Amino acid sequence: MIKQQIIEKLSGIVERYAGEKGLTESISFSVENPPKNIEADFAVNAAMLIAKKIKANPRVVAQEISAEIMKEMSGIVEKTEIAGAGFINITVKNELLFKELGKILSLKDKYGSRAQNTGNACEKVMVEFVSANPTGPLHIGHGRGAAIGDSLARVLKHIGYDVKKEYYLNDVGNQMLVLAESVKVRFRQLKGEELPFLEDGYKGEYIVDIAKRLVAEGKSINEIDFKREAVKDILKTIEDDLGDFGVSFDNWFSEGSIAADKDKDGKTEVDKACEFLLKKGDAYESEGALWLASTKYGDDKDRVLKRSDGRYTYLASDVAYHKNKFERGFTKLVNLWGADHHGYVARITACVQMLGFSKEALKVLLYQLVSLVRNGQPVAMSTRSGEFITLKEVVDEVGKDACRFFFLLRAPDSQLEFDLELAKKQSSENPVFYVQYVNARCNSIMRESRSRNDLSENADLSLLNTKEERELIKHLAAFCDTLSLCEKTMSPHHFTAYLMELADTYHRFYEKCRVLGDDAALSAARLKLIEAVMIIIKNGLGLLGVSAPEKM
RNA sequence: GCCCUGGUAGCUCAACUGGAUAGAGCAGAUCCGUCCUAAGGAUAAGGUUGGAGGUUCAACUCCUCUCUGGGGCGCCA
């Protein structure tokens with residue numbers, strides 16, 4: 001929160017200064033961390049931006065702005081320095097850091113939440129992710145989407161958004177018929193009939209399991225709704241696997257509820273959505289099909305909504321689905337898709353605009369599919385081949401914590417190579433342990449402290465004067481900056497980097513500064529610092545869905 | 001052919017969306033053990049950011065061309 005505070009005060013000064021120089025446009029300057037060889041807390045580039053516009057010497061401009069900073073921000077700024085091409089480097093007062101530390105200690109797990117500042121109704125956000133077809137267990141690629149989506153939801157929720165997580169269930173359409181037929185064939189085989197496997201059918205072991213269950217229940221073939229039974233079992237598996245992965249959903253939205261269920265006039269929501277578009281002029285009929293005029297909103301081609309044979313396309317369902325999302329009051333939609341769906345972004349963005357919302361109301365986050373490797377050999381992941389690596393297998397092998405952390409280590413649109421052997425080998429040296437180890441060490445100190453019975457309540461935080469302590473407090477405060485960054489990029493992966501950096505800072509502090517020492521007052525202050533570290537580490541790991549064990 | 005994505009240290013990836021000397025983790029080198037957990041710390045080493053131009057005070061970041069990995073390309077989902 002320190003950085004936001006600086007930015008706020010600074011923008012007033014910068015804007016006024018720019019105004020005095022005759023500039024009318026606002027200056028979008030940045031406040032960032034200086035390189036580590038420079039001893040300052042923040043670097044500001046505003047002077048260079050202004051100097052360019054008014055054709056002045058940036059260092060002179062920096063000098064003048066710097067004077068204003070010292071005049072108006074002397075309460076929180078210790079000193080400023082002009083460096084490089086015209087950077088203003090700011091060192092904040094220690095008191096500001098101590099105050100922030102106090103804030104962490106009092107707000108605890110609410111630290112970084114915006115909700116209590118504003119207090120008003122917060123924006124309703126929906127994060128839709130995984131949404132894998134219920135035709136088989138989740139594979140490792142779905143796991144990546146699950147980890148990213150779930151963590152993003154946690155981050156946004158922590159910030160103060162009203163977040164709902166949803167799974168869109170494609171439970172109608174052709175692949176459902178194939179699934180039902182696959183199970184049926186298995187069922188008949190188990191009943192002793194000699195017949196071949198369904199060509200292009202689903203062949204995994206789970207199909208046999210479903211068929212076995214149905215046989216065991218003793219119903220006759222005509223009594224069984226194979227589609228319903230298959231979906232029921234598969235969904236149970238998916239839900240359990242996600243549960244073991246620490247992921248849960250607020251809602252499972254059935255495509256059938258908008259594409260198959262009819263109202264009293266005999267219309268589905270998809271029918272109505274298409275009529276809506278037709279009436280609005282965003283859809284038209286041609287060549288016997290119904291088309292979406294998506295080129296009007298930036299797509300490179302118009303798309304078919306309803307085929308000439310009268311069946312709707314997947315897109316029609318999706319239009320209705322997104323319409324439904326907005327009707328439920330969500331004002332910001334986040335969709336997590338595998339990168340193979342990227343061709344779909346333009347048309348669904350067009351839909352959003354046709355529905356009367358700005359294109360910013362929808363954020364489609366693409367994540368690259370995971371390429372799976374075992375002993376250096378690529379592993380095929382088709383759910384139809386019958387041999388694929390499931391999410392469950394990987395979670396069982398490397399553990400939930402390592403698996404989630406691993407998935408969130410990289411930016412979503414960067415390709416991820418997941419070597420199973422490597423992941424297994426890393427089980428004791430994985431970066432996740434480095435971060436968790438911080439919490440274990442902190443807890444150990446707390447235990448020791450309690451056993452010595454020397455806990456004192458009135459700690460004087462201003463005793464925390466070493467370089468290591470100062471760095472540590474600064475990193476703790478950067479928790480808020482990381483939240484904002486994730487919010488801006490709509491990606492939670494920055495938290496893994498943040499936590500590793502924090503862990504690094506902590507372990508250095510641990511080496512240099514003994515907490516439980518002879519100086520009782522200093523120990524008390526450092527114990528408070530430890531308490532704050534535990535709060536932040538636990539919160540941070542929690543946002544990633546990773547546990548923070550007290551002992552390791 | 002067209003459209004998305006990526007190419008950064010030996011390996012896997014970051015880099016606060018245009019900032020200063022491009023950073024982490026593994027792997028490899030050398031040190032640190034009376035003491036709160038060594039699953040740790042310190043010090044080196046490792047780079048023409050695929051390549052070539054351009055814009056800018058400043059380019060991994062933006063533009064053009066080019067090489068290369070992955071993906072997608074009107075009535076499949």
# chains A, B, ... in the order shown; residues from 1 in each chain; ligands from 1

$ closest_atom_pairs --of "chain A" --to "chain B" --cutoff "6 Å" --atoms "only C-alpha atoms (C1' of nucleotides)" --output "Markdown table"
| residue | atom | partner | partner_atom | distance |
| --- | --- | --- | --- | --- |
| A:Val304 | CA | B:C75 | C1' | 5.6 |
| A:Arg307 | CA | B:C75 | C1' | 4.5 |
| A:Asp340 | CA | B:G71 | C1' | 5.5 |
| A:Gly343 | CA | B:G72 | C1' | 5.7 |
| A:Arg441 | CA | B:U37 | C1' | 6.0 |
| A:Ile445 | CA | B:C36 | C1' | 4.8 |

$ write_last_selection --atoms "C-alpha atoms" --output "short mmCIF file (atom, residue, chain, number, x, y, z; two decimals), in the first residue's frame"
data_model
loop_
_atom_site.label_atom_id
_atom_site.label_comp_id
_atom_site.auth_asym_id
_atom_site.auth_seq_id
_atom_site.Cartn_x
_atom_site.Cartn_y
_atom_site.Cartn_z
CA VAL A 304 -22.54 -19.45 -38.71
CA ARG A 307 -26.60 -24.52 -39.99
CA ASP A 340 -6.21 -23.71 -29.27
CA GLY A 343 -9.53 -18.20 -33.11
CA ARG A 441 11.06 -21.44 10.19
CA ILE A 445 10.76 -19.45 16.21
#

$ select_by_dssp --residues "region 46-227 of chain A" --states "alpha helix (DSSP H)" --output "ChimeraX atom specification"
/A:46-54,58-72,94-107,115-118,140-159,174-190,205-217,226-227

$ residues_around --residues "region 362-375 of chain A" --least-positions-apart "6" --cutoff "8 Å" --atoms "only C-alpha atoms (C1' of nucleotides)" --output "ChimeraX atom specification"
/A:140-141,144-145,332-342,345,349,352,381,412-421,490

$ write_last_selection --atoms "N, CA and C atoms" --output "PDB file, in the first residue's frame"
ATOM      1  N   ILE A 140      -3.890 -33.233 -17.842  1.00  0.00           N
ATOM      2  CA  ILE A 140      -2.973 -32.304 -17.197  1.00  0.00           C
ATOM      3  C   ILE A 140      -3.131 -30.870 -17.720  1.00  0.00           C
ATOM      4  N   GLY A 141      -3.523 -30.748 -18.994  1.00  0.00           N
ATOM      5  CA  GLY A 141      -3.748 -29.423 -19.550  1.00  0.00           C
ATOM      6  C   GLY A 141      -4.890 -28.707 -18.836  1.00  0.00           C
ATOM      7  N   ARG A 144      -3.795 -27.047 -15.659  1.00  0.00           N
ATOM      8  CA  ARG A 144      -3.198 -25.720 -15.734  1.00  0.00           C
ATOM      9  C   ARG A 144      -4.284 -24.655 -15.711  1.00  0.00           C
ATOM     10  N   GLY A 145      -5.319 -24.877 -16.507  1.00  0.00           N
ATOM     11  CA  GLY A 145      -6.435 -23.930 -16.523  1.00  0.00           C
ATOM     12  C   GLY A 145      -7.090 -23.833 -15.152  1.00  0.00           C
ATOM     13  N   LYS A 332     -18.234  -8.051 -15.277  1.00  0.00           N
ATOM     14  CA  LYS A 332     -16.907  -8.379 -15.803  1.00  0.00           C
ATOM     15  C   LYS A 332     -16.809  -9.889 -15.935  1.00  0.00           C
ATOM     16  N   LEU A 333     -16.498 -10.330 -17.140  1.00  0.00           N
ATOM     17  CA  LEU A 333     -16.390 -11.762 -17.388  1.00  0.00           C
ATOM     18  C   LEU A 333     -14.954 -12.116 -17.724  1.00  0.00           C
ATOM     19  N   VAL A 334     -14.471 -13.153 -17.091  1.00  0.00           N
ATOM     20  CA  VAL A 334     -13.152 -13.667 -17.431  1.00  0.00           C
ATOM     21  C   VAL A 334     -13.331 -15.094 -17.917  1.00  0.00           C
ATOM     22  N   ASN A 335     -12.831 -15.382 -19.111  1.00  0.00           N
ATOM     23  CA  ASN A 335     -12.882 -16.747 -19.641  1.00  0.00           C
ATOM     24  C   ASN A 335     -11.475 -17.274 -19.785  1.00  0.00           C
ATOM     25  N   LEU A 336     -11.257 -18.444 -19.242  1.00  0.00           N
ATOM     26  CA  LEU A 336      -9.954 -19.076 -19.402  1.00  0.00           C
ATOM     27  C   LEU A 336     -10.053 -20.159 -20.448  1.00  0.00           C
ATOM     28  N   TRP A 337      -9.342 -19.978 -21.521  1.00  0.00           N
ATOM     29  CA  TRP A 337      -9.405 -20.959 -22.611  1.00  0.00           C
ATOM     30  C   TRP A 337      -8.019 -21.498 -22.939  1.00  0.00           C
ATOM     31  N   GLY A 338      -7.999 -22.713 -23.395  1.00  0.00           N
ATOM     32  CA  GLY A 338      -6.761 -23.245 -23.936  1.00  0.00           C
ATOM     33  C   GLY A 338      -6.414 -22.467 -25.194  1.00  0.00           C
ATOM     34  N   ALA A 339      -5.141 -22.345 -25.473  1.00  0.00           N
ATOM     35  CA  ALA A 339      -4.706 -21.495 -26.583  1.00  0.00           C
ATOM     36  C   ALA A 339      -5.246 -21.968 -27.927  1.00  0.00           C
ATOM     37  N   ASP A 340      -5.671 -23.230 -27.999  1.00  0.00           N
ATOM     38  CA  ASP A 340      -6.208 -23.710 -29.267  1.00  0.00           C
ATOM     39  C   ASP A 340      -7.561 -23.073 -29.588  1.00  0.00           C
ATOM     40  N   HIS A 341      -8.121 -22.334 -28.642  1.00  0.00           N
ATOM     41  CA  HIS A 341      -9.396 -21.658 -28.889  1.00  0.00           C
ATOM     42  C   HIS A 341      -9.212 -20.203 -29.297  1.00  0.00           C
ATOM     43  N   HIS A 342      -7.976 -19.802 -29.566  1.00  0.00           N
ATOM     44  CA  HIS A 342      -7.743 -18.374 -29.768  1.00  0.00           C
ATOM     45  C   HIS A 342      -8.523 -17.803 -30.939  1.00  0.00           C
ATOM     46  N   VAL A 345     -11.713 -15.944 -30.003  1.00  0.00           N
ATOM     47  CA  VAL A 345     -11.753 -14.726 -29.194  1.00  0.00           C
ATOM     48  C   VAL A 345     -12.474 -13.586 -29.893  1.00  0.00           C
ATOM     49  N   THR A 349     -15.913 -11.838 -28.553  1.00  0.00           N
ATOM     50  CA  THR A 349     -15.790 -10.425 -28.189  1.00  0.00           C
ATOM     51  C   THR A 349     -16.814  -9.607 -28.968  1.00  0.00           C
ATOM     52  N   VAL A 352     -20.168  -9.988 -27.276  1.00  0.00           N
ATOM     53  CA  VAL A 352     -20.303  -9.164 -26.076  1.00  0.00           C
ATOM     54  C   VAL A 352     -20.747  -7.751 -26.447  1.00  0.00           C
ATOM     55  N   MET A 381      -1.803 -36.896 -25.579  1.00  0.00           N
ATOM     56  CA  MET A 381      -2.792 -36.627 -24.548  1.00  0.00           C
ATOM     57  C   MET A 381      -4.234 -36.718 -25.029  1.00  0.00           C
ATOM     58  N   PRO A 412       0.623 -17.448 -18.328  1.00  0.00           N
ATOM     59  CA  PRO A 412      -0.292 -18.377 -18.987  1.00  0.00           C
ATOM     60  C   PRO A 412       0.030 -18.630 -20.462  1.00  0.00           C
ATOM     61  N   ASP A 413       0.403 -17.601 -21.202  1.00  0.00           N
ATOM     62  CA  ASP A 413       0.580 -17.826 -22.634  1.00  0.00           C
ATOM     63  C   ASP A 413       1.992 -18.245 -23.003  1.00  0.00           C
ATOM     64  N   SER A 414       2.716 -18.693 -22.014  1.00  0.00           N
ATOM     65  CA  SER A 414       4.014 -19.257 -22.328  1.00  0.00           C
ATOM     66  C   SER A 414       3.891 -20.775 -22.266  1.00  0.00           C
ATOM     67  N   GLN A 415       4.473 -21.424 -23.224  1.00  0.00           N
ATOM     68  CA  GLN A 415       4.332 -22.877 -23.298  1.00  0.00           C
ATOM     69  C   GLN A 415       4.995 -23.526 -22.095  1.00  0.00           C
ATOM     70  N   LEU A 416       4.365 -24.560 -21.613  1.00  0.00           N
ATOM     71  CA  LEU A 416       4.868 -25.203 -20.406  1.00  0.00           C
ATOM     72  C   LEU A 416       5.217 -26.651 -20.681  1.00  0.00           C
ATOM     73  N   GLU A 417       6.459 -26.968 -20.450  1.00  0.00           N
ATOM     74  CA  GLU A 417       6.865 -28.355 -20.605  1.00  0.00           C
ATOM     75  C   GLU A 417       6.881 -28.999 -19.231  1.00  0.00           C
ATOM     76  N   PHE A 418       6.093 -30.027 -19.095  1.00  0.00           N
ATOM     77  CA  PHE A 418       5.952 -30.680 -17.805  1.00  0.00           C
ATOM     78  C   PHE A 418       6.565 -32.068 -17.903  1.00  0.00           C
ATOM     79  N   ASP A 419       7.753 -32.199 -17.369  1.00  0.00           N
ATOM     80  CA  ASP A 419       8.398 -33.510 -17.373  1.00  0.00           C
ATOM     81  C   ASP A 419       8.063 -34.219 -16.062  1.00  0.00           C
ATOM     82  N   LEU A 420       7.364 -35.313 -16.201  1.00  0.00           N
ATOM     83  CA  LEU A 420       6.880 -35.999 -15.001  1.00  0.00           C
ATOM     84  C   LEU A 420       8.017 -36.511 -14.128  1.00  0.00           C
ATOM     85  N   GLU A 421       9.057 -37.008 -14.772  1.00  0.00           N
ATOM     86  CA  GLU A 421      10.175 -37.533 -14.003  1.00  0.00           C
ATOM     87  C   GLU A 421      10.868 -36.401 -13.249  1.00  0.00           C
ATOM     88  N   MET A 490      -4.706  -9.639 -15.060  1.00  0.00           N
ATOM     89  CA  MET A 490      -5.648 -10.743 -14.895  1.00  0.00           C
ATOM     90  C   MET A 490      -4.912 -12.076 -14.898  1.00  0.00           C
TER      91      MET A 490
END

$ residues_around --residues "Gln63 (chain A)" --least-positions-apart "5" --cutoff "9 Å" --atoms "only C-alpha atoms (C1' of nucleotides)" --output "list in words"
Ala47, Pro58, Glu68, Glu81, Ile82, Gly86 and Ile88 of chain A

$ residues_around --residues "C60 (chain B)" --least-positions-apart "4" --cutoff "10 Å" --atoms "only C-alpha atoms (C1' of nucleotides)" --output "NGL selection string"
:B and (8 or 15 or 22 or 49)

$ residues_around --residues "region 91-98 of chain A" --least-positions-apart "5" --cutoff "9 Å" --atoms "only C-alpha atoms (C1' of nucleotides)" --output "MDAnalysis selection string"
chainID A and resid 2 39:42 74:81 103 461:462 464:465 470 473:474 477

$ residues_around --residues "Pro137 (chain A)" --least-positions-apart "2" --cutoff "9 Å" --atoms "only C-alpha atoms (C1' of nucleotides)" --output "ChimeraX atom specification"
/A:134-135,139,206,234-235,237-238,241,383,390-392

$ closest_residue --among "B:A9, B:U48, B:C2, B:U43" --to "G23 (chain B)" --atoms "only C-alpha atoms (C1' of nucleotides)"
B:A9

$ atom_distance --atom1 "CA of Asn458 (chain A)" --atom2 "CA of Tyr506 (chain A)"
23.1 Å

$ closest_residue --among "A:Lys52, A:Ser66, A:Val183, A:Ser523" --to "U56 (chain B)" --atoms "only C-alpha atoms (C1' of nucleotides)"
A:Lys52

$ select_by_dssp --residues "region 50-154 of chain A" --states "strand (DSSP E)" --output "ChimeraX atom specification"
/A:77-83,87-92,124-128

$ decode --residues "region 96-163 of chain A" --atoms "C-alpha atoms" --output "compact mmCIF listing (two decimals), in the first residue's frame"
# COMPACT_ATOMS: atom_id res chain seq x y z
CA LEU A 96 6.18 4.85 6.95
CA LEU A 97 7.47 1.29 6.83
CA PHE A 98 6.77 0.72 10.51
CA LYS A 99 3.27 2.05 10.05
CA GLU A 100 2.73 -0.36 7.17
CA LEU A 101 4.02 -3.21 9.27
CA GLY A 102 1.51 -2.24 11.92
CA LYS A 103 -1.19 -2.32 9.31
CA ILE A 104 -0.30 -5.87 8.32
CA LEU A 105 -0.35 -6.95 11.96
CA SER A 106 -3.75 -5.43 12.62
CA LEU A 107 -5.50 -6.28 9.34
CA LYS A 108 -4.02 -9.78 9.20
CA ASP A 109 -5.57 -11.80 6.38
CA LYS A 110 -7.59 -8.75 5.27
CA TYR A 111 -4.40 -6.90 4.38
CA GLY A 112 -4.48 -5.85 0.75
CA SER A 113 -8.24 -5.95 0.50
CA ARG A 114 -9.81 -2.90 -1.00
CA ALA A 115 -13.29 -3.74 0.24
CA GLN A 116 -12.93 -2.06 3.58
CA ASN A 117 -11.68 1.21 2.17
CA THR A 118 -14.50 1.75 -0.24
CA GLY A 119 -17.17 -0.15 1.60
CA ASN A 120 -19.58 0.11 -1.30
CA ALA A 121 -21.00 -2.56 -3.54
CA CYS A 122 -18.22 -4.28 -5.42
CA GLU A 123 -18.10 -5.34 -9.02
CA LYS A 124 -19.50 -8.74 -9.89
CA VAL A 125 -16.95 -10.82 -11.72
CA MET A 126 -17.32 -14.26 -13.18
CA VAL A 127 -14.32 -16.43 -13.81
CA GLU A 128 -15.24 -19.29 -16.10
CA PHE A 129 -12.63 -21.99 -16.42
CA VAL A 130 -11.86 -25.65 -17.03
CA SER A 131 -15.26 -26.22 -18.71
CA ALA A 132 -13.94 -29.45 -20.16
CA ASN A 133 -16.41 -31.68 -21.94
CA PRO A 134 -17.71 -34.39 -19.62
CA THR A 135 -16.43 -37.15 -21.83
CA GLY A 136 -13.56 -38.28 -19.65
CA PRO A 137 -11.34 -37.41 -16.70
CA LEU A 138 -9.45 -34.12 -16.71
CA HIS A 139 -6.00 -34.26 -18.16
CA ILE A 140 -2.97 -32.30 -17.20
CA GLY A 141 -3.75 -29.42 -19.55
CA HIS A 142 -7.05 -28.86 -17.78
CA GLY A 143 -5.06 -28.77 -14.58
CA ARG A 144 -3.20 -25.72 -15.73
CA GLY A 145 -6.44 -23.93 -16.52
CA ALA A 146 -7.83 -25.00 -13.17
CA ALA A 147 -4.82 -23.70 -11.26
CA ILE A 148 -4.79 -20.37 -13.07
CA GLY A 149 -8.54 -19.81 -12.91
CA ASP A 150 -8.92 -20.78 -9.30
CA SER A 151 -6.01 -18.64 -8.17
CA LEU A 152 -7.17 -15.67 -10.21
CA ALA A 153 -10.56 -15.96 -8.55
CA ARG A 154 -8.90 -16.08 -5.13
CA VAL A 155 -6.82 -13.01 -5.92
CA LEU A 156 -9.77 -11.00 -7.20
CA LYS A 157 -11.84 -12.06 -4.22
CA HIS A 158 -9.10 -10.98 -1.87
CA ILE A 159 -8.90 -7.59 -3.54
CA GLY A 160 -12.61 -7.13 -2.94
CA TYR A 161 -14.45 -8.21 -6.07
CA ASP A 162 -17.61 -10.25 -5.80
CA VAL A 163 -16.27 -13.28 -7.63
